[in-house]
Amino acid sequence: MKFKIRFARQIVGVFVILGFGLLLMIIFMIGSNQRWFARNYEYFSEFQSASGISQGMSITFRGFQIGTVTNIELTEHNVVAVRFHIFDTYIDKVTENSVMQLVSHPLGFGGGLVLHQGRRRTDPLPEGSLIPSINSGLGRSLVAQDLVALPEEPDQIEELLSLLDPILRNIDSVTQEAEQLLAEVNAVLAGSSQGPLAETVAAVNAVLLELEVAVADIGKIAGNIEATTAEMRDPTGLVPRLLGAEGSIARILDDDEELYREIEKILASVQAALEDVQQMTEYLVSTTPQISGILEESRQAIDTGQEVLMGVRNNPLIRGGIPERLEQPTTFQGFRDEEF
Amino acid sequence: MQMLFTGFEALPVIAVIALGLGGIIVIQGLSLLPQFGQGQLIYTILVIVITRELGPILAAFIVFARSGTAITTEIGNMVINREIEAFIATGINPISYLVVPRFLGVTLSMMLLNVYFNVFGLLGSFFIAQLFQPLPFSQYAAGLFEAISGADVASTMLKSMIFGALIATVSTFYGFRVERSSTEIPQNTIRSIGVGFTLLIVANGVLTLVYYL
């Protein structure tokens with residue numbers, strides 16, 4: 001029995017267990033990565049406007065994401081209540097006198113809700129507590145009392161320069177690439193490079209050389225044309241001598257029709273010769289049946305002679321007599337002679 | 001036995017297609033996305049293409065082409081040979097004896113093959129990514145599991161389950177439609193493929209729409 005059929009149950013078992021195992025592993029990995037199994041601590045804060053705040057927005061602490069905004073609602077006192085949760089791994093950062101700040105970048109490079117920790121090292125705030133906004137009365141009061149550990153304000157110019165730095169680096173890399181491209185083009189034009197462009201430039205050079213030769217030839221032809229034109233202009237030149245009233249061609253043509261009569265005679269002789277040829281052809285055509293009859297009679301005579309010779313050879317006194325003659329139908333038959 | 005033929009024996013084909021597809025996505029993505037500073041989107045594209053869309057439908061096409069046609073032919077032959085009548089005569093319900101095991105086997109195999117397709121597709125893309133942009137597996141896995149969500153997994157598993165049920169139903173239905181001539185078997189097999197593929201595409205469209213609603 002085939003191995004696969006013999007151990008079908010085992011193979012299918014491994015196939016199923018491995019498949020479900022992989023599925024569970026994938027689900028577990030997704031869950032652990034997206035904190036399905038981790039505990040989150042709910043807090044809320046109050047702002048004057050929801051502008052710049054959105055559901056799912058990150059809560060950060062010194063650049064680390066420590067939580068997410070879960071809900072935003074407008075209360076009956078026209079205050080925006082922002083509910084958010086803090087990851088269990090960072091819950092110890094949410095200490096007493098902590099405040100929230102909505103940060104938006106002046107140039108639009110992102111932003112978010114930032115947690116500023118209270119200066120006093122205390123236990124984490126109880127879940128569901130209010131963490132005041134830094135712009136609220138309570139928040140301003142805490143800041144004024146220096147109870148909040150605010151980071152030093154970064155120098156705006158320095159920040160702008162830090163943003164400009166990658167742009168300058170990009171420009172630098174583009175310049176370098178342009179320089180390389182120009183070097184490559186120079187190398188190609190100098191003929192010291194390989195590649196399609198270099199081949200094209202070489203081909204163009206070859207074409208230019210051929211063009212130069214062609215231009216030289218055209219120059220020679222133009223010289224000849226110029227010389228001919230000069231000859232034509234010269235009253236004592238070759239052309240006036242040929243074509244003039246006293247020229248050779250004029251003399252040939254002005255001969256009291258002597259040339260014409262000569263040509264007429266030649267044509268009459270040719271016509272007489274052609275008539276002779278025609279008579280000869282007609283005679284041949286008229287004698288063709290007689291020639292054919294003579295040829296046919298000759299052939300029959302040859303056949304009869306052959307039979308006589310065969311009869312003599314097969315004479316009963318000598319051999320076995322005259323053999324019966326078999327008619328050989330002619331093979332020269334057209335398709336029209338066939339009977340359908 | 002149905003799972004051996006439908007699930008296990010289709011695994012090499014599924015693995016090769018998934019590896020190739022994952023590799024192609026990574027090659028194309030890594031050559032284009034970093035130019036816009038969106039290299040991180042490769043994980044989202046992988047999840048959308050392999051997990052959510054092409055994984056279930058490609059696995060379903062392969063299973064239909066391999067096992068669906070085999071089921072139609074097998075049942076059609078049984079009808080021609082009067083085996084179905086023999087089952088009924090001996091008091092065995094042919095639906096519970098022939099259809100139900102195939103239905104369960106194909107559906108379960110389809111779900112498992114979809115899992116394998118995803119694993120091979122996403123792992124294959126990691127190995128291809130090593131050729132272009134070497135990165136540690138932990139980083140790749142973190143990016144991938146950040147992009148994939150529980151809804152994606154639920155969507156792909158639901159799709160594969162429904163596709164499996166469709167394949168088994170269409171195949172057995174057209175198998176039983178054979179009446180008396182053996183020439184009806186290939187005709188019904190071809191018909192089952194046409195109808196089955198159409199139903200799979202329609203079901204895929206409907207499920208995708210439901211996902212985004």
# chains A, B, ... in the order shown; residues from 1 in each chain; ligands from 1
$ closest_atom_pairs --of "chain A" --to "chain B" --cutoff "6 Å" --atoms "only C-alpha atoms" --output "JSON lines"
{"residue": "A:Val12", "atom": "CA", "partner": "B:Leu4", "partner_atom": "CA", "distance": 5.7}
{"residue": "A:Gly19", "atom": "CA", "partner": "B:Leu112", "partner_atom": "CA", "distance": 5.4}
{"residue": "A:Ile30", "atom": "CA", "partner": "B:Phe145", "partner_atom": "CA", "distance": 5.2}
$ residues_around --residues "range 186-197 of chain B" --least-positions-apart "4" --cutoff "7 Å" --atoms "only C-alpha atoms" --output "ChimeraX atom specification"
/B:69,72-73,167,170-171,174-175,178,201
$ closest_residue --among "B:Thr156, B:Gln139, B:Thr90, B:Thr169" --to "Gln40 in chain B" --atoms "only C-alpha atoms"
B:Gln139
$ atom_distance --atom1 "CA of Phe84 in chain A" --atom2 "CA of Thr60 in chain A"
11.6 Å
$ residues_around --residues "range 202-212 of chain B" --least-positions-apart "6" --cutoff "10 Å" --atoms "only C-alpha atoms" --output "PyMOL selection string"
chain B and resi 52-54+56-57+151-152+154-156+158-160+162-163+166+196
$ write_last_selection --atoms "N, CA and C atoms" --output "short mmCIF file (atom, residue, chain, number, x, y, z; two decimals), in the first residue's frame"
data_model
loop_
_atom_site.label_atom_id
_atom_site.label_comp_id
_atom_site.auth_asym_id
_atom_site.auth_seq_id
_atom_site.Cartn_x
_atom_site.Cartn_y
_atom_site.Cartn_z
N ARG B 52 -6.14 39.18 2.92
CA ARG B 52 -7.55 39.55 2.81
C ARG B 52 -8.15 39.16 1.46
N GLU B 53 -7.38 39.30 0.37
CA GLU B 53 -8.00 39.13 -0.95
C GLU B 53 -7.53 37.88 -1.69
N LEU B 54 -6.28 37.87 -2.10
CA LEU B 54 -5.86 36.82 -3.03
C LEU B 54 -5.67 35.46 -2.37
N PRO B 56 -7.44 33.67 0.02
CA PRO B 56 -8.60 32.78 -0.01
C PRO B 56 -9.06 32.43 -1.43
N ILE B 57 -9.08 33.41 -2.32
CA ILE B 57 -9.64 33.15 -3.66
C ILE B 57 -8.70 32.25 -4.47
N ALA B 151 -9.67 41.61 12.46
CA ALA B 151 -10.71 41.62 11.43
C ALA B 151 -10.19 40.99 10.13
N ASP B 152 -8.91 41.22 9.83
CA ASP B 152 -8.33 40.62 8.62
C ASP B 152 -8.34 39.10 8.73
N ALA B 154 -10.21 37.25 10.70
CA ALA B 154 -11.59 36.77 10.68
C ALA B 154 -12.14 36.77 9.26
N SER B 155 -11.84 37.84 8.52
CA SER B 155 -12.33 37.95 7.14
C SER B 155 -11.79 36.82 6.28
N THR B 156 -10.48 36.59 6.38
CA THR B 156 -9.88 35.56 5.51
C THR B 156 -10.39 34.17 5.88
N LEU B 158 -13.29 33.46 7.30
CA LEU B 158 -14.70 33.36 6.89
C LEU B 158 -14.80 33.12 5.39
N LYS B 159 -13.98 33.86 4.65
CA LYS B 159 -13.99 33.67 3.20
C LYS B 159 -13.64 32.23 2.84
N SER B 160 -12.56 31.72 3.44
CA SER B 160 -12.13 30.37 3.07
C SER B 160 -13.19 29.34 3.46
N ILE B 162 -16.49 29.84 3.61
CA ILE B 162 -17.60 29.94 2.66
C ILE B 162 -17.20 29.39 1.29
N PHE B 163 -15.95 29.68 0.88
CA PHE B 163 -15.49 29.16 -0.40
C PHE B 163 -15.46 27.63 -0.38
N LEU B 166 -18.90 26.32 -0.72
CA LEU B 166 -19.37 26.50 -2.10
C LEU B 166 -18.79 25.44 -3.03
N GLY B 196 -18.95 27.19 -10.52
CA GLY B 196 -18.21 27.32 -9.25
C GLY B 196 -17.32 28.55 -9.23
#
$ atom_distance --atom1 "CA of Val106 in chain B" --atom2 "CA of Gly21 in chain A"
19.1 Å
$ select_by_dssp --residues "range 113-310 of chain A" --states "helix (DSSP H, G or I)" --output "ChimeraX atom specification"
/A:137-144,156-190,196-233,238-243,248-253,258-310
$ residues_around --residues "Ile128 in chain B" --least-positions-apart "2" --cutoff "12 Å" --atoms "only C-alpha atoms" --output "list in words"
Leu19, Gly20, Leu21, Gly22, Gly23, Ile24, Ile25, Val26, Ile27, Gln28, Gly29, Leu30, Phe120, Gly121, Leu122, Leu123, Gly124, Ser125, Phe126, Gln130, Leu131, Phe132, Gln133, Pro134, Leu135 and Tyr140 of chain B
$ atom_distance --atom1 "CA of Glu159 in chain A" --atom2 "CA of Arg62 in chain A"
16.0 Å
$ select_by_dssp --residues "range 64-154 of chain A" --states "strand (DSSP E)" --output "PyMOL selection string"
chain A and resi 64-74+80-87+99-104+111-116
$ write_last_selection --atoms "C-alpha atoms" --output "PDB file, in the first residue's frame"
ATOM      1  CA  PHE A  64       7.174  57.192  23.487  1.00  0.00           C
ATOM      2  CA  GLN A  65       3.588  56.187  22.815  1.00  0.00           C
ATOM      3  CA  ILE A  66       2.098  55.395  26.187  1.00  0.00           C
ATOM      4  CA  GLY A  67      -1.588  55.366  25.294  1.00  0.00           C
ATOM      5  CA  THR A  68      -4.361  56.119  22.799  1.00  0.00           C
ATOM      6  CA  VAL A  69      -7.354  58.451  22.669  1.00  0.00           C
ATOM      7  CA  THR A  70     -10.490  56.300  22.804  1.00  0.00           C
ATOM      8  CA  ASN A  71     -13.339  58.783  22.845  1.00  0.00           C
ATOM      9  CA  ILE A  72     -14.038  62.492  22.396  1.00  0.00           C
ATOM     10  CA  GLU A  73     -17.310  64.071  23.436  1.00  0.00           C
ATOM     11  CA  LEU A  74     -18.763  67.495  24.041  1.00  0.00           C
ATOM     12  CA  VAL A  80     -14.547  68.681  25.288  1.00  0.00           C
ATOM     13  CA  ALA A  81     -14.001  65.527  27.335  1.00  0.00           C
ATOM     14  CA  VAL A  82     -11.233  63.392  25.911  1.00  0.00           C
ATOM     15  CA  ARG A  83     -11.104  59.824  27.188  1.00  0.00           C
ATOM     16  CA  PHE A  84      -7.963  57.862  26.677  1.00  0.00           C
ATOM     17  CA  HIS A  85      -6.216  54.803  27.991  1.00  0.00           C
ATOM     18  CA  ILE A  86      -2.658  54.394  29.161  1.00  0.00           C
ATOM     19  CA  PHE A  87      -0.799  51.122  28.543  1.00  0.00           C
ATOM     20  CA  VAL A  99      -1.043  67.404  32.964  1.00  0.00           C
ATOM     21  CA  MET A 100      -1.958  66.871  29.304  1.00  0.00           C
ATOM     22  CA  GLN A 101      -0.876  69.173  26.482  1.00  0.00           C
ATOM     23  CA  LEU A 102      -2.124  69.262  22.898  1.00  0.00           C
ATOM     24  CA  VAL A 103       0.946  69.850  20.787  1.00  0.00           C
ATOM     25  CA  SER A 104       0.687  70.889  17.200  1.00  0.00           C
ATOM     26  CA  GLY A 111       1.596  66.627  16.818  1.00  0.00           C
ATOM     27  CA  GLY A 112      -0.418  64.861  19.484  1.00  0.00           C
ATOM     28  CA  LEU A 113      -1.366  64.697  23.104  1.00  0.00           C
ATOM     29  CA  VAL A 114       1.617  64.790  25.383  1.00  0.00           C
ATOM     30  CA  LEU A 115       1.651  63.789  29.029  1.00  0.00           C
ATOM     31  CA  HIS A 116       3.746  65.895  31.395  1.00  0.00           C
TER      32      HIS A 116
END
